[in-house]
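Novice: I am sharing coords20.cif, which consists of mmCIF, C-alpha atoms:
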data_input
#
loop_
_atom_site.label_atom_id
_atom_site.label_comp_id
_atom_site.auth_asym_id
_atom_site.auth_seq_id
_atom_site.Cartn_x
_atom_site.Cartn_y
_atom_site.Cartn_z
CA MET A 1105 -49.85 22.48 7.39
CA THR A 1106 -46.24 22.07 6.25
CA VAL A 1107 -44.07 19.52 7.99
CA ARG A 1108 -40.57 20.89 8.59
CA ALA A 1109 -38.25 19.32 6.03
CA ALA A 1110 -35.43 18.70 8.52
CA GLU A 1111 -37.66 16.39 10.57
CA SER A 1112 -39.08 14.42 7.65
CA SER A 1113 -37.89 10.99 6.55
CA ASP A 1114 -36.20 10.61 3.15
CA GLU A 1115 -39.15 8.61 1.86
CA ASP A 1116 -41.61 11.26 2.97
CA LEU A 1117 -39.57 14.02 1.32
CA ALA A 1118 -39.30 11.93 -1.88
CA ALA A 1119 -43.08 11.46 -1.96
CA ARG A 1120 -43.62 15.21 -1.52
CA ALA A 1121 -40.97 16.02 -4.16
CA ALA A 1122 -42.75 13.63 -6.54
CA GLY A 1123 -45.91 15.65 -5.92
CA GLY A 1124 -44.12 18.81 -7.05
CA GLU A 1125 -43.15 20.30 -3.69
CA VAL A 1126 -39.92 22.18 -4.42
CA SER A 1127 -38.84 22.64 -0.82
CA ALA A 1128 -38.97 18.86 -0.29
CA PHE A 1129 -36.64 18.28 -3.24
CA GLU A 1130 -34.31 21.02 -2.02
CA ALA A 1131 -34.23 19.39 1.40
CA LEU A 1132 -33.13 16.08 -0.20
CA VAL A 1133 -30.40 17.89 -2.15
CA VAL A 1134 -29.13 19.59 1.00
CA ARG A 1135 -29.30 16.35 2.98
CA TYR A 1136 -27.39 14.21 0.45
CA GLN A 1137 -25.15 16.59 -1.54
CA HIS A 1138 -22.06 16.08 0.64
CA ARG A 1139 -22.34 12.29 0.55
CA VAL A 1140 -22.89 12.27 -3.21
CA PHE A 1141 -19.94 14.62 -3.71
CA ARG A 1142 -17.61 12.43 -1.66
CA LEU A 1143 -18.82 9.30 -3.46
CA ALA A 1144 -18.27 11.02 -6.81
CA CYS A 1145 -14.70 12.07 -5.87
CA ARG A 1146 -13.90 8.48 -4.95
CA LEU A 1147 -15.48 6.98 -8.07
CA THR A 1148 -14.19 9.59 -10.53
CA SER A 1149 -12.02 12.53 -9.44
CA GLU A 1150 -12.33 15.81 -7.59
CA THR A 1151 -12.47 17.58 -10.96
CA ASP A 1152 -15.33 15.45 -12.30
CA ALA A 1153 -17.26 15.26 -9.04
CA PRO A 1154 -19.35 18.48 -9.37
CA ASP A 1155 -20.69 17.31 -12.77
CA VAL A 1156 -21.45 13.86 -11.38
CA VAL A 1157 -23.32 15.44 -8.45
CA GLN A 1158 -25.35 17.62 -10.80
CA ASP A 1159 -26.17 14.69 -13.12
CA THR A 1160 -27.20 12.61 -10.14
CA PHE A 1161 -29.67 15.17 -8.82
CA LEU A 1162 -31.01 15.85 -12.31
CA GLN A 1163 -31.77 12.11 -12.63
CA VAL A 1164 -33.36 12.14 -9.17
CA TYR A 1165 -35.44 15.19 -10.15
CA ARG A 1166 -36.62 13.55 -13.36
CA HIS A 1167 -37.39 10.16 -11.88
CA VAL A 1168 -38.43 10.83 -8.31
CA SER A 1169 -42.06 10.15 -9.29
CA THR A 1170 -41.02 6.56 -10.16
CA PHE A 1171 -39.48 6.01 -6.72
CA ARG A 1172 -41.91 3.60 -5.09
CA GLY A 1173 -40.35 3.22 -1.70
CA GLU A 1174 -39.60 -0.49 -2.26
CA ALA A 1175 -35.95 0.22 -1.49
CA GLN A 1176 -34.68 2.86 0.90
CA PHE A 1177 -34.38 6.26 -0.76
CA SER A 1178 -30.62 6.28 -0.03
CA THR A 1179 -30.17 2.93 -1.85
CA TRP A 1180 -32.00 4.30 -4.87
CA LEU A 1181 -29.93 7.51 -4.78
CA TYR A 1182 -26.63 5.62 -4.45
CA ARG A 1183 -27.57 3.52 -7.48
CA ILE A 1184 -28.20 6.65 -9.55
CA ALA A 1185 -24.98 8.30 -8.34
CA THR A 1186 -22.88 5.18 -8.96
CA ASN A 1187 -24.23 4.94 -12.52
CA ALA A 1188 -23.66 8.65 -13.12
CA ALA A 1189 -20.04 8.23 -12.01
CA LEU A 1190 -19.58 5.24 -14.31
CA MET A 1191 -20.99 7.23 -17.27
CA HIS A 1192 -18.48 9.99 -16.56
CA ARG A 1193 -15.60 7.54 -16.44
CA ARG A 1194 -16.67 6.10 -19.80
CA ALA A 1195 -17.14 9.52 -21.40
CA ARG A 1196 -13.79 10.71 -20.15
CA ALA A 1197 -12.01 7.75 -21.80
CA ARG A 1198 -8.81 8.54 -19.93
CA ARG A 1199 -6.76 5.60 -18.78
CA PRO A 1200 -5.97 5.55 -15.06
CA SER A 1201 -2.33 6.47 -14.42
CA LEU A 1202 -1.93 3.33 -12.34
CA SER A 1203 -3.28 -0.23 -12.52
CA LEU A 1204 -3.70 -2.09 -9.24
CA ASP A 1205 -4.15 -5.50 -10.88
CA GLU A 1206 -0.66 -6.70 -9.97
CA PHE A 1207 -0.79 -5.53 -6.35
CA LEU A 1208 -1.58 -8.78 -4.54
CA PRO A 1209 -0.04 -10.60 -1.58
CA ARG A 1210 2.77 -13.00 -2.52
CA PHE A 1211 2.93 -16.60 -1.27
CA ASP A 1212 5.70 -19.22 -1.44
CA ALA A 1213 5.24 -22.78 -2.75
CA ASP A 1214 3.83 -23.91 0.63
CA GLY A 1215 1.22 -21.15 0.59
CA GLN A 1216 3.00 -19.08 3.24
CA LEU A 1217 3.05 -15.30 2.99
CA GLU A 1218 6.46 -14.27 1.66
CA ASP A 1219 6.80 -10.88 3.35
CA THR A 1220 8.00 -10.62 6.94
CA PRO A 1221 5.49 -9.61 9.64
CA ASP A 1222 7.05 -6.14 9.83
CA ALA A 1223 6.77 -5.64 6.08
CA LEU A 1224 3.17 -6.86 6.16
CA ARG A 1225 2.26 -4.57 9.03
CA VAL A 1226 3.82 -1.39 7.65
CA ALA A 1227 0.66 -0.62 5.61
CA CYS A 1228 -1.03 0.24 8.95
CA ARG A 1229 1.39 3.13 9.40
CA VAL A 1230 1.23 4.71 5.96
CA ASP A 1231 -0.78 7.65 7.30
CA GLU A 1232 1.98 8.38 9.87
CA LEU A 1233 4.77 7.99 7.32
CA LEU A 1234 3.42 10.05 4.44
CA ASP A 1235 2.41 13.66 4.09
CA ARG A 1236 -1.37 14.06 4.24
CA GLN A 1237 -1.71 15.62 0.79
CA VAL A 1238 0.60 13.07 -0.83
CA LEU A 1239 -1.39 10.24 0.74
CA ALA A 1240 -4.67 11.76 -0.49
CA THR A 1241 -3.35 11.97 -4.07
CA LYS A 1242 -1.86 8.46 -3.97
CA THR A 1243 -4.93 6.79 -2.46
CA LEU A 1244 -7.26 8.47 -5.00
CA ALA A 1245 -4.96 7.22 -7.78
CA ALA A 1246 -5.05 3.73 -6.24
CA ILE A 1247 -8.87 3.68 -6.17
CA ASP A 1248 -8.85 4.97 -9.75
CA GLY A 1249 -6.54 2.09 -10.69
CA LEU A 1250 -8.90 -0.63 -9.42
CA PRO A 1251 -10.99 -2.62 -11.93
CA ASN A 1252 -14.47 -0.95 -12.24
CA LEU A 1253 -16.41 -3.73 -10.53
CA TYR A 1254 -14.05 -3.86 -7.57
CA ARG A 1255 -13.89 -0.07 -7.26
CA GLU A 1256 -17.63 0.37 -6.90
CA ALA A 1257 -17.98 -2.37 -4.29
CA PHE A 1258 -14.93 -1.17 -2.34
CA VAL A 1259 -16.00 2.49 -2.34
CA LEU A 1260 -19.60 1.77 -1.33
CA ARG A 1261 -18.79 -0.84 1.32
CA ASP A 1262 -15.44 0.21 2.79
CA LEU A 1263 -15.41 3.98 2.22
CA GLU A 1264 -19.07 5.02 2.29
CA GLU A 1265 -19.62 2.28 4.89
CA LEU A 1266 -22.89 0.97 3.48
CA PRO A 1267 -23.83 -2.47 4.83
CA THR A 1268 -23.01 -5.35 2.46
CA ASP A 1269 -26.71 -6.07 1.85
CA GLU A 1270 -27.33 -2.48 0.79
CA VAL A 1271 -24.30 -2.49 -1.53
CA ALA A 1272 -25.73 -5.67 -3.05
CA GLN A 1273 -29.00 -3.83 -3.75
CA VAL A 1274 -27.21 -0.78 -5.19
CA LEU A 1275 -25.14 -2.95 -7.54
CA GLY A 1276 -27.84 -5.52 -8.24
CA VAL A 1277 -25.70 -8.52 -7.21
CA GLU A 1278 -25.69 -11.08 -4.39
CA PRO A 1279 -24.08 -10.18 -1.03
CA ALA A 1280 -21.51 -12.96 -1.57
CA THR A 1281 -20.44 -11.24 -4.81
CA VAL A 1282 -20.06 -7.95 -2.95
CA ARG A 1283 -17.87 -9.62 -0.34
CA GLN A 1284 -15.71 -11.18 -3.04
CA ARG A 1285 -15.26 -7.89 -4.93
CA VAL A 1286 -14.55 -5.86 -1.79
CA HIS A 1287 -12.05 -8.52 -0.73
CA ARG A 1288 -10.14 -8.42 -4.03
CA ALA A 1289 -10.09 -4.62 -3.94
CA ARG A 1290 -8.94 -4.55 -0.36
CA LEU A 1291 -6.10 -7.01 -1.07
CA MET A 1292 -4.89 -4.74 -3.87
CA VAL A 1293 -5.21 -1.50 -1.94
CA ARG A 1294 -3.59 -3.02 1.17
CA GLU A 1295 -0.62 -4.19 -0.90
CA TYR A 1296 -0.33 -0.79 -2.55
CA LEU A 1297 -0.36 1.01 0.83
CA GLY A 1298 2.32 -1.40 2.06
CA GLU A 1299 4.56 -0.66 -0.91
CA LEU A 1300 3.94 3.04 -0.43
CA ALA A 1301 4.77 2.93 3.29
CA GLY A 1302 7.83 0.75 2.61
CA GLY A 1303 9.17 3.41 0.23
CA ARG A 1304 9.00 1.11 -2.79
CA LEU A 1305 6.77 3.40 -4.89
CA MET B 760 -11.46 -29.51 6.94
CA LYS B 761 -7.99 -29.15 5.40
CA GLU B 762 -5.43 -27.35 7.48
CA VAL B 763 -5.41 -23.58 6.89
CA VAL B 764 -2.23 -22.08 5.43
CA CYS B 765 -1.67 -18.34 4.92
CA MET B 766 -2.92 -18.46 1.31
CA SER B 767 -6.21 -20.29 2.03
CA GLY B 768 -6.80 -18.16 5.16
CA VAL B 769 -6.27 -14.89 3.30
CA GLU B 770 -8.87 -15.93 0.71
CA LEU B 771 -11.48 -16.34 3.44
CA LEU B 772 -10.76 -13.13 5.35
CA MET B 773 -13.73 -11.05 4.19
CA GLU B 774 -16.17 -13.83 4.90
CA TYR B 775 -14.46 -14.36 8.25
CA MET B 776 -14.87 -10.64 9.09
CA GLU B 777 -18.54 -10.68 8.12
CA GLY B 778 -19.30 -13.84 10.09
CA ALA B 779 -20.24 -15.74 6.93
CA LEU B 780 -18.16 -18.87 7.67
CA ALA B 781 -19.10 -22.18 9.31
CA PRO B 782 -17.89 -22.40 12.95
CA GLU B 783 -15.26 -25.08 12.21
CA VAL B 784 -13.72 -23.03 9.36
CA ARG B 785 -13.71 -19.98 11.59
CA ALA B 786 -11.96 -21.93 14.36
CA ALA B 787 -9.36 -23.28 11.91
CA ILE B 788 -8.53 -19.74 10.74
CA GLU B 789 -8.20 -18.48 14.30
CA ALA B 790 -5.92 -21.40 15.18
CA HIS B 791 -3.69 -20.61 12.20
CA VAL B 792 -3.51 -16.86 12.88
CA ALA B 793 -2.71 -17.47 16.58
CA GLY B 794 0.45 -19.31 15.52
CA CYS B 795 1.38 -17.23 12.46
CA PRO B 796 2.91 -13.76 12.99
CA ARG B 797 2.68 -13.11 9.23
CA CYS B 798 -1.08 -13.65 9.14
CA ASP B 799 -1.49 -11.69 12.35
CA ALA B 800 0.28 -8.72 10.71
CA PHE B 801 -1.58 -9.24 7.44
CA MET B 802 -4.95 -9.24 9.18
CA ALA B 803 -4.13 -6.06 11.11
CA SER B 804 -3.29 -4.18 7.91
CA TYR B 805 -6.28 -5.68 6.06
CA LEU B 806 -8.53 -4.33 8.84
CA GLU B 807 -6.88 -0.90 8.84
CA THR B 808 -6.99 -0.39 5.07
CA PRO B 809 -10.58 0.97 4.86
CA ARG B 810 -10.02 3.49 7.66
CA ILE B 811 -6.77 4.80 6.13
CA VAL B 812 -8.28 5.21 2.65
CA ARG B 813 -11.53 6.65 4.03
CA GLU B 814 -9.72 9.32 6.04
CA ALA B 815 -7.30 10.14 3.22
CA THR B 816 -10.13 10.68 0.71
CA ARG B 817 -12.66 12.60 2.78
CA MET B 818 -13.00 15.47 0.31
CA GLU B 819 -14.89 18.62 1.25
CA MET B 820 -17.55 19.79 -1.16
CA PRO B 821 -16.76 23.25 -2.60
CA ALA B 822 -18.83 25.93 -0.86
CA ASP B 823 -20.42 27.18 -4.08
CA LEU B 824 -21.70 23.79 -5.25
CA GLU B 825 -24.87 23.88 -3.15
CA ALA B 826 -25.87 27.25 -4.62
CA SER B 827 -25.23 26.03 -8.17
CA LEU B 828 -27.23 22.84 -7.54
CA LEU B 829 -30.22 24.80 -6.26
CA ALA B 830 -29.90 27.19 -9.22
CA ALA B 831 -29.83 24.21 -11.59
CA LEU B 832 -32.96 22.87 -9.91
CA ARG B 833 -34.75 26.15 -10.53
CA ALA B 834 -33.67 26.06 -14.20
CA TRP B 835 -34.98 22.48 -14.61
CA ARG B 836 -38.31 23.52 -13.12
CA GLU B 837 -38.60 26.53 -15.39
CA GLN B 838 -37.92 24.33 -18.43
CA ASP B 839 -40.63 21.94 -17.27
CA GLU B 840 -43.12 24.76 -16.82
CA LYS B 841 -42.41 26.17 -20.29
CA ARG B 842 -43.09 22.76 -21.81
CA ARG B 843 -46.52 22.54 -20.18
#
Rewrite the structure of this file - the entire thing - as structure tokens.
Specialist:
Amino acid sequence: MTVRAAESSDEDLAARAAGGEVSAFEALVVRYQHRVFRLACRLTSETDAPDVVQDTFLQVYRHVSTFRGEAQFSTWLYRIATNAALMHRRARARRPSLSLDEFLPRFDADGQLEDTPDALRVACRVDELLDRQVLATKTLAAIDGLPNLYREAFVLRDLEELPTDEVAQVLGVEPATVRQRVHRARLMVREYLGELAGGRL
Amino acid sequence: MKEVVCMSGVELLMEYMEGALAPEVRAAIEAHVAGCPRCDAFMASYLETPRIVREATRMEMPADLEASLLAALRAWREQDEKRR
């Protein structure tokens, strides 16, 4: 008797795919392809994303028999996809058009934020102030301009909305390290959005 | 603990959001933010940043990618079978 793929758990489908059941592997592809594509766009670019998606599922296909169910299937898949994206970035060897390193909040000698409350709050309204397509291009460039370690943590935690503990498993670091990396990334991106909304970029 | 200023509070924001701070540190941050319009504004934009970036970068997968993935899968399987 075949169990309908749509009702099966990821782990069950992975076990059946490992046993050579093609429809189970196809069901995993269909279930995760959109998430992997979105992740790949955010970690590389819309142009590179289809190749990253294909590499990811090829790795899953080759190694699904080694998946032991110690982690969730999604955690295992995100780890493969994140690595595939990193390989593409390295192979591409193109420098990001923007570096976000210098985008950090500014404090005076007493440790007080320098910007006025209005200037600090304007980042909240960047999606009302900018054209949708312009904002999409600028935010992708901003993510691209983050340091690698910060980008991965920020994308997985803040954009894919994985819990911190799961991001820690995907990246193989402690949850406190994830929080620190996401924090640094978010400070940079927040500052960038503020400058963008304030018309300074 | 030492009095919180904007700079020390900002450094603890993620741990504050995730409930990873001791109660007295948490209370000191809240006391500072309550009296600091700059930090209040900063925190609002810090909280909004993920949503804005998430919505701006929600790319749709091209319609033909699923078909090419499933075709690639068939090709990988055929290669495997030839090797056996």
Novice: Quick one: residues within 9 Å of (-21.7, 21.5, -2.7) (file frame), counting all atoms listed in the file, please, as a count of residues only.
Specialist: 16
Novice: Tell me, as a VMD selection string, which residues lie within 8 Å of range 1287-1298 of chain A, counting all atoms listed in the file; anything in the same chain fewer than 5 positions away does not count.
Specialist: (chain A and resid 1204 to 1209 1223 to 1228 1230 1246 to 1247 1250 1254 to 1255 1258) or (chain B and resid 772 to 773 804 to 805 808 to 809)
Novice: Measure the distance from CA of Glu1174 in chain A to CA of Thr1268 in chain A in Å and round it to one decimal.
Specialist: 17.9 Å
Novice: Quick one: pull the distance between CA of Arg1196 in chain A and CA of Ala1240 in chain A, Å, one decimal.
Specialist: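 So the two atoms, CA of Arg1196 in chain A and CA of Ala1240 in chain A, lie 21.7 Å apart.
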Novice: State, in Å with one decimal place, the distance from CA of Ala1195 in chain A to CA of Thr1148 in chain A.
Specialist: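 Separation between CA of Ala1195 in chain A and CA of Thr1148 in chain A: 11.3 Å.
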Novice: Counting all atoms listed in the file, figure out which residue out of B:Ala830, B:Ile788, B:Cys795, B:Met818 gets nearest to chain A.
Specialist: B:Met818
Novice: Can you pull out the residues contacting His791 in chain B? Cut-off 8 Å, using all atoms listed in the file, and skip same-chain residues under 6 positions away; I want them as a list in words.
Specialist: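 The contact residues come out as Val763, Val764 and Cys765 of chain B.
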Novice: Please produce a file of those selected residues containing C-alpha atoms, as an mmCIF file, in the coordinates of the input.
Specialist:
data_model
loop_
_atom_site.group_PDB
_atom_site.id
_atom_site.type_symbol
_atom_site.label_atom_id
_atom_site.label_comp_id
_atom_site.auth_asym_id
_atom_site.auth_seq_id
_atom_site.Cartn_x
_atom_site.Cartn_y
_atom_site.Cartn_z
ATOM 1 C CA VAL B 763 -5.410 -23.580 6.890
ATOM 2 C CA VAL B 764 -2.230 -22.080 5.430
ATOM 3 C CA CYS B 765 -1.670 -18.340 4.920
#
Novice: Using all atoms listed in the file, find the one residue out of B:Arg797, B:Arg842, B:Arg810, B:Arg836 that sits nearest to chain A.
Specialist: B:Arg797
Novice: As lines of an AutoDock Vina configuration file, what would the box around range 813-823 of chain B look like: edges along x, y and z, 5 Å added on every side, centre and edge lengths in Å to one decimal?
Specialist:
center_x = -13.9
center_y = 16.9
center_z = 1.0
size_x = 23.1
size_y = 30.5
size_z = 20.1
Novice: Give me the residues near Tyr1136 in chain A as a PDB file with C-alpha atoms, keeping the file's coordinate frame, where near means some atom within 12 Å (using all atoms listed in the file) and where sequence neighbours in that chain fewer than 2 positions away do not count.
Specialist:
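Produced file selection23.pdb, reproduced below:
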ATOM      1  CA  ASP A1114     -36.200  10.610   3.150  1.00  0.00           C
ATOM      2  CA  PHE A1129     -36.640  18.280  -3.240  1.00  0.00           C
ATOM      3  CA  GLU A1130     -34.310  21.020  -2.020  1.00  0.00           C
ATOM      4  CA  ALA A1131     -34.230  19.390   1.400  1.00  0.00           C
ATOM      5  CA  LEU A1132     -33.130  16.080  -0.200  1.00  0.00           C
ATOM      6  CA  VAL A1133     -30.400  17.890  -2.150  1.00  0.00           C
ATOM      7  CA  VAL A1134     -29.130  19.590   1.000  1.00  0.00           C
ATOM      8  CA  HIS A1138     -22.060  16.080   0.640  1.00  0.00           C
ATOM      9  CA  ARG A1139     -22.340  12.290   0.550  1.00  0.00           C
ATOM     10  CA  VAL A1140     -22.890  12.270  -3.210  1.00  0.00           C
ATOM     11  CA  PHE A1141     -19.940  14.620  -3.710  1.00  0.00           C
ATOM     12  CA  ARG A1142     -17.610  12.430  -1.660  1.00  0.00           C
ATOM     13  CA  LEU A1143     -18.820   9.300  -3.460  1.00  0.00           C
ATOM     14  CA  VAL A1157     -23.320  15.440  -8.450  1.00  0.00           C
ATOM     15  CA  GLN A1158     -25.350  17.620 -10.800  1.00  0.00           C
ATOM     16  CA  THR A1160     -27.200  12.610 -10.140  1.00  0.00           C
ATOM     17  CA  PHE A1161     -29.670  15.170  -8.820  1.00  0.00           C
ATOM     18  CA  VAL A1164     -33.360  12.140  -9.170  1.00  0.00           C
ATOM     19  CA  PHE A1177     -34.380   6.260  -0.760  1.00  0.00           C
ATOM     20  CA  SER A1178     -30.620   6.280  -0.030  1.00  0.00           C
ATOM     21  CA  THR A1179     -30.170   2.930  -1.850  1.00  0.00           C
ATOM     22  CA  LEU A1181     -29.930   7.510  -4.780  1.00  0.00           C
ATOM     23  CA  TYR A1182     -26.630   5.620  -4.450  1.00  0.00           C
ATOM     24  CA  ALA A1185     -24.980   8.300  -8.340  1.00  0.00           C
TER      25      ALA A1185
ATOM     26  CA  MET B 820     -17.550  19.790  -1.160  1.00  0.00           C
ATOM     27  CA  GLU B 825     -24.870  23.880  -3.150  1.00  0.00           C
ATOM     28  CA  LEU B 828     -27.230  22.840  -7.540  1.00  0.00           C
TER      29      LEU B 828
END
